[in-house]
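So this one's start-v1.txt, compact mmCIF, C-alpha atoms and all ligand atoms:
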```
# COMPACT_ATOMS: atom_id res chain seq x y z
CA MET Q 15 14.32 23.01 -11.45
CA ILE Q 16 11.72 22.66 -8.73
CA PRO Q 17 8.37 23.92 -9.96
CA ARG Q 18 7.31 27.30 -8.76
CA LYS Q 19 5.73 27.57 -5.34
CA LEU Q 20 2.03 26.98 -4.96
CA PRO Q 21 0.04 30.18 -5.01
CA PRO Q 22 -1.62 30.87 -1.70
CA LEU Q 23 -4.88 29.08 -1.11
CA PRO Q 24 -7.54 30.32 1.27
CA PRO Q 25 -6.47 29.74 4.88
CA ILE Q 26 -6.94 26.08 5.66
CA ARG Q 27 -9.35 26.91 8.47
CA ASP Q 28 -11.63 28.52 5.89
CA LEU Q 29 -11.46 25.43 3.73
CA ILE Q 30 -12.48 23.34 6.68
CA ARG Q 31 -15.43 25.63 7.32
CA VAL Q 32 -16.41 25.66 3.65
CA TYR Q 33 -16.68 21.89 3.63
CA GLY Q 34 -18.90 21.72 6.65
CA LEU Q 35 -16.30 20.63 9.13
CA SER Q 36 -16.40 23.63 11.45
CA ALA Q 37 -15.52 23.15 15.08
CA ASP Q 38 -19.12 23.41 16.21
CA GLN Q 39 -20.05 20.43 14.07
CA LYS Q 40 -19.36 16.86 14.99
CA PHE Q 41 -16.06 15.81 13.46
CA SER Q 42 -15.49 12.22 12.59
CA GLN Q 43 -11.80 12.83 11.83
CA ASN Q 44 -8.88 14.68 13.37
CA PHE Q 45 -7.07 17.07 11.06
CA ILE Q 46 -3.68 18.76 11.20
CA LEU Q 47 -3.98 22.50 10.58
CA ASP Q 48 -0.41 23.53 11.29
CA LYS Q 49 1.80 23.75 8.21
CA ASN Q 50 4.99 23.47 10.28
CA VAL Q 51 3.81 20.05 11.41
CA THR Q 52 2.93 18.82 7.93
CA ASP Q 53 6.20 20.23 6.53
CA THR Q 54 8.06 18.20 9.14
CA ILE Q 55 6.17 15.04 8.15
CA ALA Q 56 7.05 15.62 4.47
CA GLN Q 57 10.66 16.16 5.46
CA ARG Q 58 10.77 12.99 7.62
CA ALA Q 59 9.29 11.12 4.63
CA LYS Q 60 12.32 12.38 2.65
CA ILE Q 61 10.12 13.72 -0.16
CA SER Q 62 12.25 15.11 -2.95
CA VAL Q 63 12.24 15.98 -6.60
CA ASN Q 64 13.97 12.63 -7.25
CA ASP Q 65 10.92 10.55 -6.27
CA ASP Q 66 8.92 9.17 -9.17
CA LEU Q 67 5.64 9.19 -7.27
CA VAL Q 68 4.20 10.19 -3.91
CA VAL Q 69 0.97 8.48 -2.85
CA GLU Q 70 -0.92 10.11 -0.02
CA VAL Q 71 -3.82 8.27 1.56
CA GLY Q 72 -6.60 10.29 3.19
CA PRO Q 73 -5.49 13.86 2.34
CA GLY Q 74 -8.67 15.40 3.77
CA PRO Q 75 -8.40 19.18 3.42
CA GLY Q 76 -4.90 18.73 2.01
CA LEU Q 77 -2.40 20.46 4.28
CA LEU Q 78 0.04 17.55 4.20
CA THR Q 79 -0.57 17.40 0.45
CA ARG Q 80 0.57 21.02 0.19
CA SER Q 81 3.71 20.23 2.17
CA ILE Q 82 4.44 17.29 -0.16
CA LEU Q 83 4.02 19.56 -3.21
CA ASP Q 84 6.08 22.32 -1.58
CA ALA Q 85 8.86 19.77 -1.01
CA GLY Q 86 9.15 19.48 -4.79
CA ALA Q 87 7.28 16.22 -5.50
CA ARG Q 88 6.85 15.78 -9.26
CA ARG Q 89 3.86 13.43 -9.20
CA VAL Q 90 1.41 13.12 -6.33
CA VAL Q 91 -1.61 10.82 -6.27
CA VAL Q 92 -4.01 11.18 -3.34
CA VAL Q 93 -6.67 8.62 -2.45
CA GLU Q 94 -9.57 10.08 -0.48
CA LYS Q 95 -12.84 8.45 0.47
CA ASP Q 96 -14.80 11.53 1.49
CA THR Q 97 -16.19 13.37 -1.55
CA ARG Q 98 -16.61 16.61 0.46
CA PHE Q 99 -12.92 17.18 -0.22
CA VAL Q 100 -13.24 17.07 -4.02
CA PRO Q 101 -13.36 20.87 -4.49
CA THR Q 102 -10.35 21.47 -2.20
CA LEU Q 103 -8.33 18.78 -3.90
CA GLU Q 104 -9.27 20.07 -7.35
CA GLN Q 105 -8.19 23.54 -6.32
CA LEU Q 106 -4.86 22.14 -5.10
CA ALA Q 107 -4.37 20.13 -8.31
CA GLU Q 108 -4.82 23.28 -10.36
CA ALA Q 109 -2.54 25.32 -8.13
CA SER Q 110 0.13 22.64 -8.41
CA ASP Q 111 0.19 22.80 -12.21
CA GLN Q 112 -1.43 19.37 -12.29
CA ARG Q 113 1.37 17.66 -10.37
CA LEU Q 114 -1.45 16.34 -8.19
CA ALA Q 115 -4.16 13.87 -9.21
CA ALA Q 116 -6.94 12.80 -6.86
CA ILE Q 117 -8.63 9.42 -6.84
CA MET Q 118 -11.87 9.37 -4.89
CA GLY Q 119 -11.97 5.88 -3.45
CA ASP Q 120 -11.41 3.57 -0.51
CA MET Q 121 -7.78 2.63 0.09
CA LEU Q 122 -8.84 -0.66 1.68
CA THR Q 123 -10.31 -1.94 -1.57
CA ILE Q 124 -8.77 0.16 -4.34
CA ASP Q 125 -6.97 -1.50 -7.23
CA HIS Q 126 -3.38 -0.33 -6.85
CA ALA Q 127 -2.93 -0.59 -10.61
CA GLU Q 128 -5.14 2.49 -10.86
CA ILE Q 129 -2.85 4.46 -8.55
CA LEU Q 130 0.17 3.55 -10.69
CA ARG Q 131 -1.71 4.31 -13.90
CA VAL Q 132 -2.90 7.71 -12.68
CA GLY Q 133 0.57 8.52 -11.31
CA ALA Q 134 2.40 7.57 -14.51
CA ALA Q 135 -0.02 9.74 -16.52
CA ILE Q 136 0.86 12.93 -14.63
CA PRO Q 137 2.75 15.09 -17.11
CA VAL Q 138 5.92 16.46 -15.63
CA GLN Q 139 6.60 20.01 -16.74
CA HIS Q 140 9.48 22.28 -16.10
CA PHE Q 141 9.13 25.81 -14.85
CA SER Q 142 12.26 27.86 -15.17
CA SER Q 143 13.23 29.98 -12.24
CA ALA Q 144 13.58 33.74 -12.59
CA SER Q 145 17.39 33.52 -12.28
CA GLU Q 146 17.57 30.92 -15.10
CA GLU Q 147 15.73 33.33 -17.37
CA THR Q 148 17.83 36.41 -16.64
CA THR Q 149 21.38 35.08 -16.07
CA PRO Q 150 23.25 33.72 -19.10
CA LEU Q 151 24.55 30.20 -18.40
CA THR Q 152 28.09 28.96 -19.04
CA PRO Q 153 28.40 25.86 -21.29
CA GLU Q 154 28.94 23.66 -18.18
CA GLN Q 155 25.92 25.16 -16.52
CA GLN Q 156 23.92 24.56 -19.68
CA GLN Q 157 25.00 20.90 -19.68
CA GLN Q 158 24.10 20.54 -15.99
CA HIS Q 159 20.81 22.22 -16.69
CA ARG Q 160 20.03 19.78 -19.55
CA GLU Q 161 20.93 16.79 -17.38
CA SER Q 162 18.80 17.87 -14.45
CA LEU Q 163 15.95 18.71 -16.83
CA GLU Q 164 16.16 15.19 -18.31
CA MET Q 165 16.17 13.72 -14.81
CA TYR Q 166 13.24 15.87 -13.83
CA GLN Q 167 11.17 14.97 -16.87
CA ARG Q 168 12.00 11.26 -16.99
CA PRO Q 169 8.86 9.17 -17.39
CA MET Q 170 7.70 6.92 -14.57
CA ASP Q 171 8.21 3.17 -15.00
CA PRO Q 172 5.42 1.57 -12.89
CA ASN Q 173 7.64 -1.48 -12.32
CA ASN Q 174 10.78 0.33 -11.34
CA ALA Q 175 9.81 3.50 -9.54
CA THR Q 176 10.80 5.24 -6.35
CA ILE Q 177 7.52 5.68 -4.52
CA ARG Q 178 6.74 7.30 -1.18
CA LEU Q 179 3.53 6.28 0.54
CA LEU Q 180 2.22 8.66 3.20
CA GLY Q 181 -0.89 8.80 5.25
CA ASN Q 182 -2.59 10.12 8.32
CA LEU Q 183 -5.50 7.73 8.44
CA PRO Q 184 -8.17 7.20 11.06
CA PHE Q 185 -6.46 5.21 13.81
CA GLY Q 186 -9.02 2.41 13.45
CA ILE Q 187 -7.85 1.45 9.97
CA ALA Q 188 -4.17 2.42 10.15
CA SER Q 189 -2.99 -0.94 11.54
CA PRO Q 190 -5.08 -3.20 9.29
CA LEU Q 191 -3.90 -1.17 6.30
CA LEU Q 192 -0.29 -1.45 7.44
CA VAL Q 193 -0.59 -5.24 7.67
CA GLN Q 194 -2.24 -5.32 4.23
CA TRP Q 195 0.60 -3.23 2.76
CA LEU Q 196 3.33 -5.29 4.43
CA LYS Q 197 1.80 -8.44 2.96
CA MET Q 198 1.67 -6.82 -0.47
CA MET Q 199 5.24 -5.61 -0.08
CA ALA Q 200 6.36 -9.15 0.80
CA LEU Q 201 4.71 -10.54 -2.33
CA ARG Q 202 5.63 -7.55 -4.48
CA GLN Q 203 2.04 -6.78 -5.32
CA GLY Q 204 0.14 -3.55 -6.01
CA ILE Q 205 2.26 -0.42 -5.82
CA PHE Q 206 5.04 -2.62 -4.39
CA GLN Q 207 5.24 -4.59 -7.66
CA GLY Q 208 8.32 -5.31 -9.74
CA ARG Q 209 11.45 -3.47 -8.67
CA ASN Q 210 9.54 -0.60 -7.09
CA ASN Q 211 11.26 0.91 -4.11
CA VAL Q 212 8.46 2.03 -1.79
CA SER Q 213 9.04 3.75 1.54
CA MET Q 214 6.12 4.40 3.88
CA THR Q 215 5.65 7.26 6.33
CA LEU Q 216 2.49 6.67 8.29
CA MET Q 217 0.72 8.10 11.30
CA PHE Q 218 -0.53 5.87 14.12
CA GLN Q 219 -1.84 6.20 17.61
CA LYS Q 220 1.37 6.63 19.65
CA GLU Q 221 1.04 3.27 21.41
CA VAL Q 222 0.72 1.46 18.07
CA ALA Q 223 3.76 3.29 16.68
CA GLU Q 224 5.73 2.20 19.75
CA ARG Q 225 4.75 -1.41 19.10
CA ILE Q 226 5.87 -1.20 15.47
CA VAL Q 227 9.35 0.11 16.28
CA SER Q 228 9.95 -1.81 19.52
CA PRO Q 229 13.27 -3.74 19.55
CA PRO Q 230 13.57 -7.19 21.17
CA GLY Q 231 13.10 -6.80 24.91
CA GLY Q 232 11.28 -3.50 24.49
CA ALA Q 233 8.20 -2.93 26.60
CA HIS Q 234 5.99 -2.72 23.51
CA ARG Q 235 7.36 -5.68 21.55
CA SER Q 236 4.47 -7.33 19.72
CA ARG Q 237 3.22 -9.12 16.62
CA LEU Q 238 3.34 -5.81 14.72
CA SER Q 239 7.05 -5.32 15.59
CA ILE Q 240 7.81 -8.76 14.11
CA LEU Q 241 5.79 -8.29 10.93
CA ALA Q 242 7.11 -4.80 10.21
CA GLN Q 243 10.74 -5.48 11.13
CA SER Q 244 10.91 -8.73 9.13
CA LEU Q 245 10.62 -6.64 5.97
CA CYS Q 246 11.54 -3.06 6.84
CA ASP Q 247 13.91 -0.88 8.77
CA VAL Q 248 11.52 1.07 10.94
CA LYS Q 249 12.08 4.37 12.68
CA MET Q 250 10.01 6.53 15.00
CA ALA Q 251 10.04 9.65 12.82
CA TYR Q 252 7.93 12.19 14.69
CA LYS Q 253 5.83 12.23 17.85
CA LEU Q 254 2.77 14.47 17.79
CA PRO Q 255 0.84 15.45 20.88
CA ALA Q 256 -2.95 15.28 20.64
CA GLY Q 257 -3.03 19.12 20.70
CA VAL Q 258 -1.83 19.46 17.08
CA PHE Q 259 -5.05 17.88 15.79
CA VAL Q 260 -8.40 19.59 15.31
CA PRO Q 261 -10.47 18.55 17.09
CA LYS Q 262 -8.13 17.27 19.79
CA PRO Q 263 -8.31 13.46 20.06
CA LYS Q 264 -7.98 11.61 23.37
CA VAL Q 265 -4.65 10.04 22.39
CA ASP Q 266 -1.27 11.19 21.11
CA ALA Q 267 0.01 10.18 17.68
CA ALA Q 268 3.34 9.31 16.11
CA VAL Q 269 4.70 8.95 12.60
CA VAL Q 270 6.71 5.86 11.67
CA HIS Q 271 9.02 5.71 8.67
CA PHE Q 272 9.48 2.32 6.94
CA GLU Q 273 12.23 1.52 4.42
CA ARG Q 274 12.22 -1.91 2.82
CA ARG Q 275 15.24 -3.95 3.94
CA ASP Q 276 17.65 -5.10 1.23
CA ASP Q 277 17.53 -8.53 2.85
CA PRO Q 278 13.94 -9.22 3.92
CA MET Q 279 13.81 -12.01 6.51
CA MET Q 280 10.70 -13.63 5.04
CA PRO Q 281 10.81 -14.36 1.35
CA GLY Q 282 7.28 -14.61 -0.04
CA SER Q 283 4.09 -14.59 1.99
CA LEU Q 284 3.96 -13.11 5.50
CA ASP Q 285 0.95 -15.24 6.50
CA ARG Q 286 2.90 -17.95 8.34
CA LEU Q 287 4.96 -15.37 10.20
CA GLU Q 288 1.77 -13.60 11.22
CA ASP Q 289 0.42 -16.89 12.65
CA VAL Q 290 3.70 -17.64 14.47
CA ALA Q 291 3.85 -14.13 15.92
CA ARG Q 292 0.21 -14.28 17.00
CA PHE Q 293 0.70 -17.66 18.70
CA TYR Q 294 3.87 -16.72 20.57
CA PHE Q 295 2.82 -13.17 21.50
CA ASN Q 296 -0.43 -14.47 22.88
CA LYS Q 297 1.77 -15.27 25.87
CA ARG Q 298 4.56 -12.75 25.39
CA ARG Q 299 5.90 -12.98 28.97
CA LYS Q 300 6.22 -16.79 28.80
CA THR Q 301 9.52 -18.34 27.75
CA MET Q 302 10.13 -19.52 24.22
CA GLY Q 303 10.40 -23.06 25.62
CA HIS Q 304 6.96 -22.81 27.19
CA ASN Q 305 5.34 -21.42 24.04
CA THR Q 306 7.12 -23.92 21.81
CA ASN Q 307 5.77 -26.82 23.92
CA ARG Q 308 2.35 -25.26 23.65
CA LEU Q 309 2.75 -25.18 19.87
CA ALA Q 310 3.92 -28.81 19.76
CA LYS Q 311 0.80 -29.78 21.72
CA ALA Q 312 -1.47 -27.82 19.38
CA VAL Q 313 0.25 -29.16 16.22
CA PRO Q 314 1.87 -32.53 17.09
CA GLU Q 315 3.23 -33.01 13.52
CA ALA Q 316 5.32 -29.86 14.05
CA ARG Q 317 7.42 -31.45 16.86
CA PRO Q 318 10.32 -32.63 14.63
CA ILE Q 319 10.40 -29.27 12.85
CA LEU Q 320 10.49 -27.41 16.14
CA ASP Q 321 13.33 -29.65 17.40
CA GLU Q 322 15.26 -29.04 14.19
CA TRP Q 323 14.71 -25.27 14.45
CA ILE Q 324 15.99 -25.22 18.05
CA ALA Q 325 19.04 -27.37 17.22
CA GLU Q 326 19.98 -25.38 14.12
CA GLY Q 327 19.61 -21.98 15.75
CA ASN Q 328 20.91 -23.00 19.18
CA TRP Q 329 18.39 -20.52 20.53
CA ASN Q 330 18.04 -19.70 24.19
CA MET Q 331 14.66 -21.21 24.93
CA ASN Q 332 14.62 -19.65 28.41
CA ALA Q 333 14.27 -16.17 26.91
CA ARG Q 334 10.86 -14.60 27.12
CA THR Q 335 9.00 -14.31 23.82
CA GLU Q 336 9.12 -10.50 24.00
CA GLU Q 337 12.95 -10.67 24.13
CA VAL Q 338 13.36 -12.77 21.01
CA SER Q 339 14.74 -11.49 17.72
CA THR Q 340 12.60 -11.07 14.62
CA PHE Q 341 15.07 -13.34 12.83
CA GLN Q 342 14.44 -16.24 15.24
CA LEU Q 343 10.68 -16.19 14.68
CA CYS Q 344 11.19 -15.79 10.93
CA ALA Q 345 13.42 -18.88 10.92
CA LEU Q 346 10.58 -20.86 12.51
CA ALA Q 347 7.96 -19.43 10.15
CA ARG Q 348 10.11 -20.35 7.13
CA LYS Q 349 10.36 -23.97 8.36
CA LEU Q 350 6.63 -24.26 9.01
CA GLU Q 351 5.96 -22.73 5.61
CA GLN Q 352 8.24 -25.28 3.91
CA ALA Q 353 6.42 -28.11 5.70
CA GLN Q 354 3.05 -26.52 4.90
CA LEU Q 355 2.06 -26.71 8.55
CA LYS Q 356 -0.60 -24.33 9.78
CA ILE Q 357 -0.90 -22.93 13.28
CA PRO Q 358 -4.37 -22.83 14.80
CA LEU Q 359 -5.73 -19.49 15.96
CA THR Q 360 -5.43 -19.30 19.74
C1 LIG I 401 -7.47 11.72 10.20
S1 LIG I 401 -7.97 12.44 8.67
C2 LIG I 401 -6.47 13.15 8.14
C3 LIG I 401 -6.59 14.18 7.09
C4 LIG I 401 -5.30 14.89 6.70
N1 LIG I 401 -4.36 13.98 6.08
C5 LIG I 401 -4.67 15.55 7.91
O1 LIG I 401 -3.64 15.04 8.36
O2 LIG I 401 -5.21 16.53 8.39
C6 LIG I 401 -8.15 10.98 7.71
C7 LIG I 401 -8.57 11.17 6.27
O3 LIG I 401 -8.59 9.88 5.66
C8 LIG I 401 -9.78 9.72 4.91
N2 LIG I 401 -10.08 8.29 4.88
C9 LIG I 401 -10.58 7.54 5.87
N3 LIG I 401 -10.68 6.25 5.50
C10 LIG I 401 -10.21 6.18 4.23
C11 LIG I 401 -10.06 5.12 3.29
N4 LIG I 401 -10.40 3.87 3.60
N5 LIG I 401 -9.55 5.39 2.08
C12 LIG I 401 -9.20 6.67 1.76
N6 LIG I 401 -9.32 7.72 2.61
C13 LIG I 401 -9.83 7.48 3.82
C14 LIG I 401 -10.80 10.57 5.66
O4 LIG I 401 -11.89 10.93 4.83
C15 LIG I 401 -9.95 11.75 6.08
O5 LIG I 401 -9.92 12.73 5.10
```
Encoded form using structure tokens:
Amino acid sequence: MIPRKLPPLPPIRDLIRVYGLSADQKFSQNFILDKNVTDTIAQRAKISVNDDLVVEVGPGPGLLTRSILDAGARRVVVVEKDTRFVPTLEQLAEASDQRLAAIMGDMLTIDHAEILRVGAAIPVQHFSSASEETTPLTPEQQQQHRESLEMYQRPMDPNNATIRLLGNLPFGIASPLLVQWLKMMALRQGIFQGRNNVSMTLMFQKEVAERIVSPPGGAHRSRLSILAQSLCDVKMAYKLPAGVFVPKPKVDAAVVHFERRDDPMMPGSLDRLEDVARFYFNKRRKTMGHNTNRLAKAVPEARPILDEWIAEGNWNMNARTEEVSTFQLCALARKLEQAQLKIPLT
């Protein structure tokens, strides 16, 4: 039932040269030109024919896009800012029997409704395999065939879709975009709207990826660990040495896979949790007691709420901030949110 394989495109290195990105020119981006690597990313993202939509941000010359299509994705929407990639992406869209649609735009400001609209409009066709055409099917096989065809061709409900969001973005915007997406996920906005089940598989500078997945007490525990883990189960999916990118950057990279938790620890907005995490992680080696006193000094009206939080949770206030669970900080953020108390930027 999976559509036929993409016909071969010109070698990706040629595409890069065609679009003026040859090695002797100054690159502003780092690309992956090894299909084994992009296939592994698609596999770690769990792309399958069952997904309603795959959204890839920053496809560039499109090698990861090819891996996503090769993995059987039925609808792929890519968002790319650099118009030099239009011809390559058009070529890929055609080769994929229009399973791919490209939006030329900036992911930081794009209206997500457009992504859902473009995705839902992708017509899903069925291409029978050679064996289906030549071998007569038994009645059970015919029934199975009909069922899987129905599944394959089912329309996309933009409010109840399985969506996979992937991206290898410039490191400078990967973290701000992640925070933006987590906030949207928390409020069920944009592509995260309604009952959509959106997983994310995103590339970061290795050190940032380590911060995102760090457990309590981990050397890299940070504000990003708290924000991400309050909403998602996070997993280090793939570490990539700098050498797989062209040109070779100064730092290594890593891919993190995010699945939304069934029981998010922060219902509603993540803003208060972001403030709490920023305040406490400003002095991550200090004890929770020390940082809580600091907070009570900065926001005297919060004192009774802080006392209540400590009494209810029976938390160990001698633990260092970096050792504390995401749940503990979420419990505090929820209380401050209820009381509408803001934390000053430190
Ligand atoms: C590091 S390259 C990665 C390209 C390709 N995915 C790969 O792995 O080889 C980042 C890509 O993201 C695109 N990009 C950068 N900022 C963007 C933004 N705000 N919105 C959409 N695309 C963006 C760049 O033009 C570039 O094609």
inquiry  = Quick check, in Å to one decimal: how far apart do CA of Ile205 (chain Q) and CA of Asp120 (chain Q) lie?
reply    =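 That distance, rounded to one decimal, is 15.2 Å.
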Distance query Glu273 (chain Q) at most 9 Å, all atoms listed in the file, self and fewer than 6 positions along chain excluded, as a PyMOL selection string = chain Q and resi 211-215+245-249
Shell of 6 Å around ligand LIG 401 (chain I) (only C-alpha atoms and all ligand atoms), written as a PyMOL selection string = chain Q and resi 43-46+71-74+78+93-96+119-122+182-184
request  = Give the answer as one residue: which of Q:Leu359, Q:Leu130, Q:Ala256, Q:Val92 has the shortest atom-to-atom distance to Met118 (chain Q), using all atoms listed in the file?
outcome  =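 Of all the options, Q:Val92 lies closest to Met118 (chain Q).
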inquiry  = I'd like the interatomic distance between CA of Asp321 (chain Q) and CA of Gly282 (chain Q), to a tenth of an Å.
reply    =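 Those two atoms sit 23.8 Å apart.
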key: Non-local contacts of region 327-329 of chain Q (10 Å; all atoms listed in the file; under 2 positions in same chain excluded) as number ranges by chain   = Q: 302-303, 322-325, 331-333, 338, 342, 345-346
message = Quick one: residues within 12 Å of Asp53 (chain Q), only C-alpha atoms, excluding same-chain residues fewer than 3 positions away - as number ranges by chain?
response = Q: 46-50, 56-61, 77-86, 252
Using only C-alpha atoms, find each residue in region 190-289 of chain Q having at least one atom no more than 12 Å away from region 161-173 of chain Q; report its shortest atom-to-atom pair and that distance in Å (one decimal), rows by chain then rising number, as a Markdown table.
```
| residue | atom | partner | partner_atom | distance |
| --- | --- | --- | --- | --- |
| Q:Arg202 | CA | Q:Asn173 | CA | 10.1 |
| Q:Gln203 | CA | Q:Asn173 | CA | 10.4 |
| Q:Gly204 | CA | Q:Asn173 | CA | 10.0 |
| Q:Ile205 | CA | Q:Pro172 | CA | 8.0 |
| Q:Phe206 | CA | Q:Asn173 | CA | 8.4 |
| Q:Gln207 | CA | Q:Asn173 | CA | 6.1 |
| Q:Gly208 | CA | Q:Asn173 | CA | 4.7 |
| Q:Arg209 | CA | Q:Asn173 | CA | 5.6 |
| Q:Asn210 | CA | Q:Asn173 | CA | 5.6 |
| Q:Asn211 | CA | Q:Asn173 | CA | 9.3 |
| Q:Val212 | CA | Q:Asn173 | CA | 11.1 |
```
ask   = Any idea what the distance is between CA of Pro281 (chain Q) and CA of Gln354 (chain Q)?
value =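 Distance between the two atoms: 14.9 Å.
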query = Using all atoms listed in the file, which of the listed residues (Q:His126, Q:Arg178, Q:Arg88, Q:Arg235) sits closest to Val68 (chain Q)?
reply =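 Of the candidates, the smallest distance to Val68 (chain Q) is held by Q:Arg178.
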query = Of the candidates Q:Asp289, Q:Leu355, Q:Gly133, Q:Phe218, which one gets nearest to Pro255 (chain Q) if we count all atoms listed in the file?
reply = Q:Phe218
ask   = Given the choices Q:Asp266, Q:Glu336, Q:Glu315, Q:Asp111, which gets closest to Lys297 (chain Q) if the distance is worked out from all atoms listed in the file?
value = Q:Glu336
Within 9 Å of Ile226 (chain Q) using all atoms listed in the file, minus same-chain residues under 4 positions, as a list in words =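 So the residues in contact are Glu221, Val222, His234, Arg235, Ser236, Arg237, Leu238, Ser239, Ile240, Leu241, Ala242, Gln243, Val248, Lys249, Met250 and Val270 of chain Q.
Of the listed residues (Q:Gln157, Q:Leu216, Q:Arg98, Q:Phe185), Q:Leu216 comes nearest to Val69 (chain Q); the distances count only C-alpha atoms.
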task = Using only C-alpha atoms, pick whichever of Q:Ala251, Q:Val313, Q:Met280, Q:Leu103 has the shortest atom-to-atom distance to Arg348 (chain Q).
result =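 Checking each of Q:Ala251, Q:Val313, Q:Met280, Q:Leu103 against Arg348 (chain Q), counting only C-alpha atoms, the winner is Q:Met280.
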message = Could you check which residues have any atom within 10 Å of (3.3, 17.9, -17.8), counting only C-alpha atoms with coordinates taken straight from the file, and then list them as a list in words?
response =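 Those residues, ordered by chain and then number, are Arg88, Arg89, Asp111, Gln112, Arg113, Ala135, Ile136, Pro137, Val138, Gln139, His140 and Gln167 of chain Q.
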